[in-house]
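Right, one structure below, let's go through it.
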Amino acid sequence: MDGVPVVPVPVPPAGPLNGVLVVDLTRVLAGPFCTMVLSDLGARIVKVEHPEGGDDSRAIGPFIDGRSAYFASVNRAKESIALDLRSADDRRVLDALLERADVLIENFRPGAMERLGYGWSSVHERWPRLIYAAVSGFGHTGPYADRPAYDMVVQGMGGVMSITGWPGGPPTRVGTSIGDITAGLFTAIGVNAALYDRATTGTGRFVDVGMLDCQVAILENAIARYCSTGHSPGPLGARHPSIAPFGAMTTADGYLIAAAGNDALFAAMCAVVGRPELATDARFVTNDARSAHVDVLQIELEAAFVTRSTDEWLAALAGAGVPCGPINDVARVLADPQVLARTMVVDIAGEDGSGPGARLRLAGNPIKISGFPDPAIRGPVPVLDAHRAVLLAELGLSD
């Protein structure tokens, strides 16, 4: 593309996936999140984008210096090449990439890649060792397979929104895009499992991940509660459905989270708040009893918690070994000493590979593996088609 600067190819961080080449045909969130995870683990990601605007998320705000922070948040340290898969010349480039690749990841609606000639069957016949991962709204089988979906759609359909929010309140979306994020995570797990399998069998596999499936998978004990009681669980606000006390408490100046996951922790909490008699009260002596009387227990405990500040209570509870924490906003999360000590806030390198080069800080890699560094500066966010010249030269092709 004319006017696109030629920049160095970002070097993947040292990690267990070093040497793995991923051709990334994904866009927006679920697929790019998956390939970001693989990149953080050392894989080389070549992001293939449409020449007209690239990944849709490049046009989604907020913007910093005219570039999408949304796009940047999940596309660091990737290479970008713009290809129109209806063009014979560009298809030759993609074929050359797939000849060398270990993994192809796409998140088109089922059938789209088949129409382009790059469905699983065609790809597997040509490159039998290539792992093919597909992320879609409903997967490649079943009556909904052809339907489009977004995060909000599968949060609603998958039951998560039915147990989120406050009793009697309107439908409430989970505050992050867990429909997309869980699909990205499960796809990354599937790709790693397929890489392990290929090391034994020599054969690539088709990894088929549906966003709706992933929402069902994270319903956790809600399914068990329905199957054991016959009643569909509903929203409970800021408390646990089957452990008490386990949730938010009102203090003199705000809220805190306190979690007494067993009888000993409950007794410790009661001692801290000056109500030791609650631990021997027949209504509260076991977790089942506390869960049955959770509303009364909340009133009794908050009568004590409202007498002191959040920070005072957190210090006292932590001193007694009771799991607890503040309810932080994003600004406080990014300044938290534990978060910073774990390199969970990282800087992004400039386009030329130096860094930090942007006014944007992003979440780090939560997977810490011995023997591999956890760099505080991650690779740059690619300009659309920025790596065309380097990639074509590497593939032995002319532009």
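Ordering of the structure tokens sets the chain letters (A, B, ...), residue numbers begin anew at 1 in every chain, and ligands are numbered from 1 in the order given.
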
Legend entry - Shell around range 191-206 of chain A at 6 Å using only C-alpha atoms, local window under 4 positions removed, as a ChimeraX atom specification: /A:128-133

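Of the residues listed (A:Gly175, A:Gly159, A:Gly169, A:Gly247), A:Gly159 shows the shortest atom-to-atom separation from Ala222 in chain A; distances use only C-alpha atoms.
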
Legend entry - Secondary structure check, strand (DSSP E) residues of range 132-326 of chain A, as JSON, numbers by chain: {"A": [132, 133, 134, 135, 136, 206, 207, 208, 209, 210, 246, 247, 248, 249, 250, 255, 256, 257, 258, 259, 324, 325, 326]}

Inset, instruction - Fewer than 6 positions away in the same chain doesn't count, so skip those; otherwise give me all residues within 7 Å of Pro323 in chain A, counting only C-alpha atoms, as number ranges by chain. - result: A: 258-260

Legend entry - Among listed residues A:Glu106, A:Asp65, A:Glu114, A:Asp213, nearest Gly137 in chain A (using only C-alpha atoms): A:Asp213

Inset, instruction - Would you kindly return, as a PyMOL selection string, each protein, DNA or RNA residue with an atom no farther than 6 Å from any atom of Gly42 in chain A, considering only C-alpha atoms and excluding same-chain residues fewer than 4 positions away? - result: chain A and resi 12-15+17-18

Next, the residues of the selection above should be written as a PDB file, in the first residue's frame with N, CA and C atoms.
ATOM      1  N   PRO A  12       9.049 -11.711  18.589  1.00  0.00           N
ATOM      2  CA  PRO A  12       8.218 -12.244  19.672  1.00  0.00           C
ATOM      3  C   PRO A  12       9.026 -12.362  20.959  1.00  0.00           C
ATOM      4  N   PRO A  13       8.386 -12.184  22.097  1.00  0.00           N
ATOM      5  CA  PRO A  13       9.110 -12.378  23.354  1.00  0.00           C
ATOM      6  C   PRO A  13       9.542 -13.830  23.504  1.00  0.00           C
ATOM      7  N   ALA A  14      10.598 -14.064  24.262  1.00  0.00           N
ATOM      8  CA  ALA A  14      11.012 -15.440  24.532  1.00  0.00           C
ATOM      9  C   ALA A  14       9.874 -16.171  25.232  1.00  0.00           C
ATOM     10  N   GLY A  15       9.507 -17.318  24.714  1.00  0.00           N
ATOM     11  CA  GLY A  15       8.400 -18.061  25.298  1.00  0.00           C
ATOM     12  C   GLY A  15       8.328 -19.462  24.738  1.00  0.00           C
ATOM     13  N   LEU A  17       6.233 -20.850  22.876  1.00  0.00           N
ATOM     14  CA  LEU A  17       5.739 -20.960  21.502  1.00  0.00           C
ATOM     15  C   LEU A  17       6.682 -20.328  20.484  1.00  0.00           C
ATOM     16  N   ASN A  18       7.904 -20.002  20.893  1.00  0.00           N
ATOM     17  CA  ASN A  18       8.882 -19.501  19.930  1.00  0.00           C
ATOM     18  C   ASN A  18       9.025 -20.499  18.774  1.00  0.00           C
TER      19      ASN A  18
END

Surrounding residues of Leu212 in chain A excluding itself and chain neighbours under 3 positions, 7 Å, only C-alpha atoms, as an mmCIF file with C-alpha atoms, in the first residue's frame:
data_model
loop_
_atom_site.group_PDB
_atom_site.id
_atom_site.type_symbol
_atom_site.label_atom_id
_atom_site.label_comp_id
_atom_site.auth_asym_id
_atom_site.auth_seq_id
_atom_site.Cartn_x
_atom_site.Cartn_y
_atom_site.Cartn_z
ATOM 1 C CA GLY A 137 -20.785 -17.111 17.250
ATOM 2 C CA PHE A 138 -22.252 -20.607 17.369
ATOM 3 C CA VAL A 154 -24.167 -14.657 23.475
ATOM 4 C CA GLY A 158 -25.777 -18.266 27.217
ATOM 5 C CA GLN A 215 -20.744 -18.909 27.791
ATOM 6 C CA VAL A 216 -22.373 -22.208 28.726
#

Inset, instruction - as a ChimeraX atom specification, please: all residues of range 176-211 of chain A that backbone DSSP puts in helix (DSSP H, G or I). - result: /A:178-201,211

Could you save those same residues with N, CA and C atoms as a compact mmCIF listing (two decimals), in the first residue's frame?
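And here's again.txt as it stands now:
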# COMPACT_ATOMS: atom_id res chain seq x y z
N ILE A 178 -17.04 -10.67 27.94
CA ILE A 178 -16.66 -12.06 28.23
C ILE A 178 -17.13 -13.02 27.14
N GLY A 179 -18.11 -12.64 26.32
CA GLY A 179 -18.47 -13.48 25.19
C GLY A 179 -17.31 -13.65 24.24
N ASP A 180 -16.64 -12.56 23.95
CA ASP A 180 -15.47 -12.59 23.08
C ASP A 180 -14.23 -13.12 23.80
N ILE A 181 -14.01 -12.63 25.01
CA ILE A 181 -12.77 -12.97 25.73
C ILE A 181 -12.69 -14.47 26.03
N THR A 182 -13.78 -15.05 26.51
CA THR A 182 -13.74 -16.49 26.80
C THR A 182 -13.54 -17.30 25.53
N ALA A 183 -14.15 -16.87 24.41
CA ALA A 183 -13.94 -17.58 23.15
C ALA A 183 -12.48 -17.51 22.73
N GLY A 184 -11.87 -16.33 22.91
CA GLY A 184 -10.46 -16.19 22.59
C GLY A 184 -9.59 -17.08 23.45
N LEU A 185 -9.89 -17.15 24.73
CA LEU A 185 -9.10 -17.98 25.64
C LEU A 185 -9.26 -19.46 25.33
N PHE A 186 -10.49 -19.91 25.11
CA PHE A 186 -10.70 -21.32 24.81
C PHE A 186 -10.05 -21.70 23.47
N THR A 187 -10.05 -20.77 22.52
CA THR A 187 -9.38 -21.05 21.25
C THR A 187 -7.88 -21.18 21.44
N ALA A 188 -7.29 -20.31 22.26
CA ALA A 188 -5.86 -20.42 22.55
C ALA A 188 -5.54 -21.76 23.20
N ILE A 189 -6.40 -22.21 24.11
CA ILE A 189 -6.19 -23.52 24.74
C ILE A 189 -6.28 -24.62 23.68
N GLY A 190 -7.27 -24.53 22.80
CA GLY A 190 -7.43 -25.54 21.75
C GLY A 190 -6.25 -25.59 20.81
N VAL A 191 -5.72 -24.42 20.44
CA VAL A 191 -4.56 -24.36 19.55
C VAL A 191 -3.35 -25.02 20.22
N ASN A 192 -3.12 -24.73 21.48
CA ASN A 192 -1.99 -25.34 22.17
C ASN A 192 -2.15 -26.85 22.28
N ALA A 193 -3.38 -27.32 22.51
CA ALA A 193 -3.61 -28.76 22.57
C ALA A 193 -3.37 -29.39 21.20
N ALA A 194 -3.78 -28.69 20.13
CA ALA A 194 -3.57 -29.21 18.77
C ALA A 194 -2.10 -29.24 18.41
N LEU A 195 -1.33 -28.25 18.87
CA LEU A 195 0.11 -28.25 18.64
C LEU A 195 0.76 -29.46 19.34
N TYR A 196 0.32 -29.75 20.54
CA TYR A 196 0.85 -30.90 21.27
C TYR A 196 0.50 -32.20 20.54
N ASP A 197 -0.75 -32.29 20.07
CA ASP A 197 -1.19 -33.48 19.35
C ASP A 197 -0.39 -33.66 18.06
N ARG A 198 -0.13 -32.55 17.35
CA ARG A 198 0.61 -32.64 16.10
C ARG A 198 2.04 -33.14 16.31
N ALA A 199 2.61 -32.79 17.45
CA ALA A 199 3.96 -33.26 17.75
C ALA A 199 4.02 -34.78 17.80
N THR A 200 2.88 -35.41 18.11
CA THR A 200 2.82 -36.87 18.18
C THR A 200 2.34 -37.49 16.87
N THR A 201 1.30 -36.90 16.29
CA THR A 201 0.66 -37.50 15.12
C THR A 201 1.16 -36.94 13.79
N MET A 211 -18.81 -19.03 20.43
CA MET A 211 -18.93 -18.11 21.55
C MET A 211 -20.04 -18.54 22.52

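Counting only C-alpha atoms, the residue from A:His387, A:Lys47, A:Arg67, A:Arg126 that sits nearest to Val9 in chain A is A:His387.
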
Legend entry - Given only C-alpha atoms as the counted atoms, nearest of A:Arg109, A:Arg239, A:Arg225, A:Arg86 to Leu256 in chain A: A:Arg239

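When only C-alpha atoms are used to measure the gap to Ile81 in chain A, the shortest distance among A:Pro241, A:Gly396, A:Pro32, A:Pro382 belongs to A:Pro382.
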
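Between Leu334 in chain A and the residues A:Pro110, A:Gly364, A:Gly156, A:Gly319, the shortest atom-to-atom distance, using only C-alpha atoms, involves A:Gly364.
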
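CA of Leu29 in chain A is found 25.9 Å from CA of Ser87 in chain A.
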
Legend entry - Neighbour list for Pro326 in chain A as a list in words, cut-off 12 Å, only C-alpha atoms, skip fewer than 6 positions in-chain: Gly247, Ala248, Met249, Thr250, Thr251, Asp253, Gly254, Tyr255, Leu256, Ile257, Ala258, Ala259, Ser309, Thr310, Asp311, Glu312, Trp313, Leu314, Ala315, Leu317, Ala318, Arg332, Val333 and Asp336 of chain A

Take the selection from the previous step and output its residues with C-alpha atoms, as a PDB file, in the first residue's frame.
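Saved result, result.pdb, follows:
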ATOM      1  CA  GLY A 247     -19.505 -10.538  48.971  1.00  0.00           C
ATOM      2  CA  ALA A 248     -19.659  -6.776  49.310  1.00  0.00           C
ATOM      3  CA  MET A 249     -20.078  -5.029  52.663  1.00  0.00           C
ATOM      4  CA  THR A 250     -21.022  -1.402  53.227  1.00  0.00           C
ATOM      5  CA  THR A 251     -18.502   0.570  55.302  1.00  0.00           C
ATOM      6  CA  ASP A 253     -16.995   5.471  53.449  1.00  0.00           C
ATOM      7  CA  GLY A 254     -17.758   2.925  50.751  1.00  0.00           C
ATOM      8  CA  TYR A 255     -17.577  -0.821  50.241  1.00  0.00           C
ATOM      9  CA  LEU A 256     -15.228  -3.749  50.633  1.00  0.00           C
ATOM     10  CA  ILE A 257     -15.214  -7.404  49.674  1.00  0.00           C
ATOM     11  CA  ALA A 258     -14.995  -9.930  52.498  1.00  0.00           C
ATOM     12  CA  ALA A 259     -15.034 -13.665  51.857  1.00  0.00           C
ATOM     13  CA  SER A 309     -13.695   3.124  57.060  1.00  0.00           C
ATOM     14  CA  THR A 310     -12.903   0.663  54.318  1.00  0.00           C
ATOM     15  CA  ASP A 311      -9.155   0.946  54.849  1.00  0.00           C
ATOM     16  CA  GLU A 312      -9.475   0.348  58.595  1.00  0.00           C
ATOM     17  CA  TRP A 313     -11.536  -2.784  58.064  1.00  0.00           C
ATOM     18  CA  LEU A 314      -9.245  -4.113  55.332  1.00  0.00           C
ATOM     19  CA  ALA A 315      -6.257  -3.816  57.633  1.00  0.00           C
ATOM     20  CA  LEU A 317      -9.480  -8.370  58.321  1.00  0.00           C
ATOM     21  CA  ALA A 318      -6.165  -8.993  56.579  1.00  0.00           C
ATOM     22  CA  ARG A 332      -6.662   2.186  41.176  1.00  0.00           C
ATOM     23  CA  VAL A 333      -6.099  -1.205  39.550  1.00  0.00           C
ATOM     24  CA  ASP A 336      -1.969  -1.262  42.623  1.00  0.00           C
TER      25      ASP A 336
END
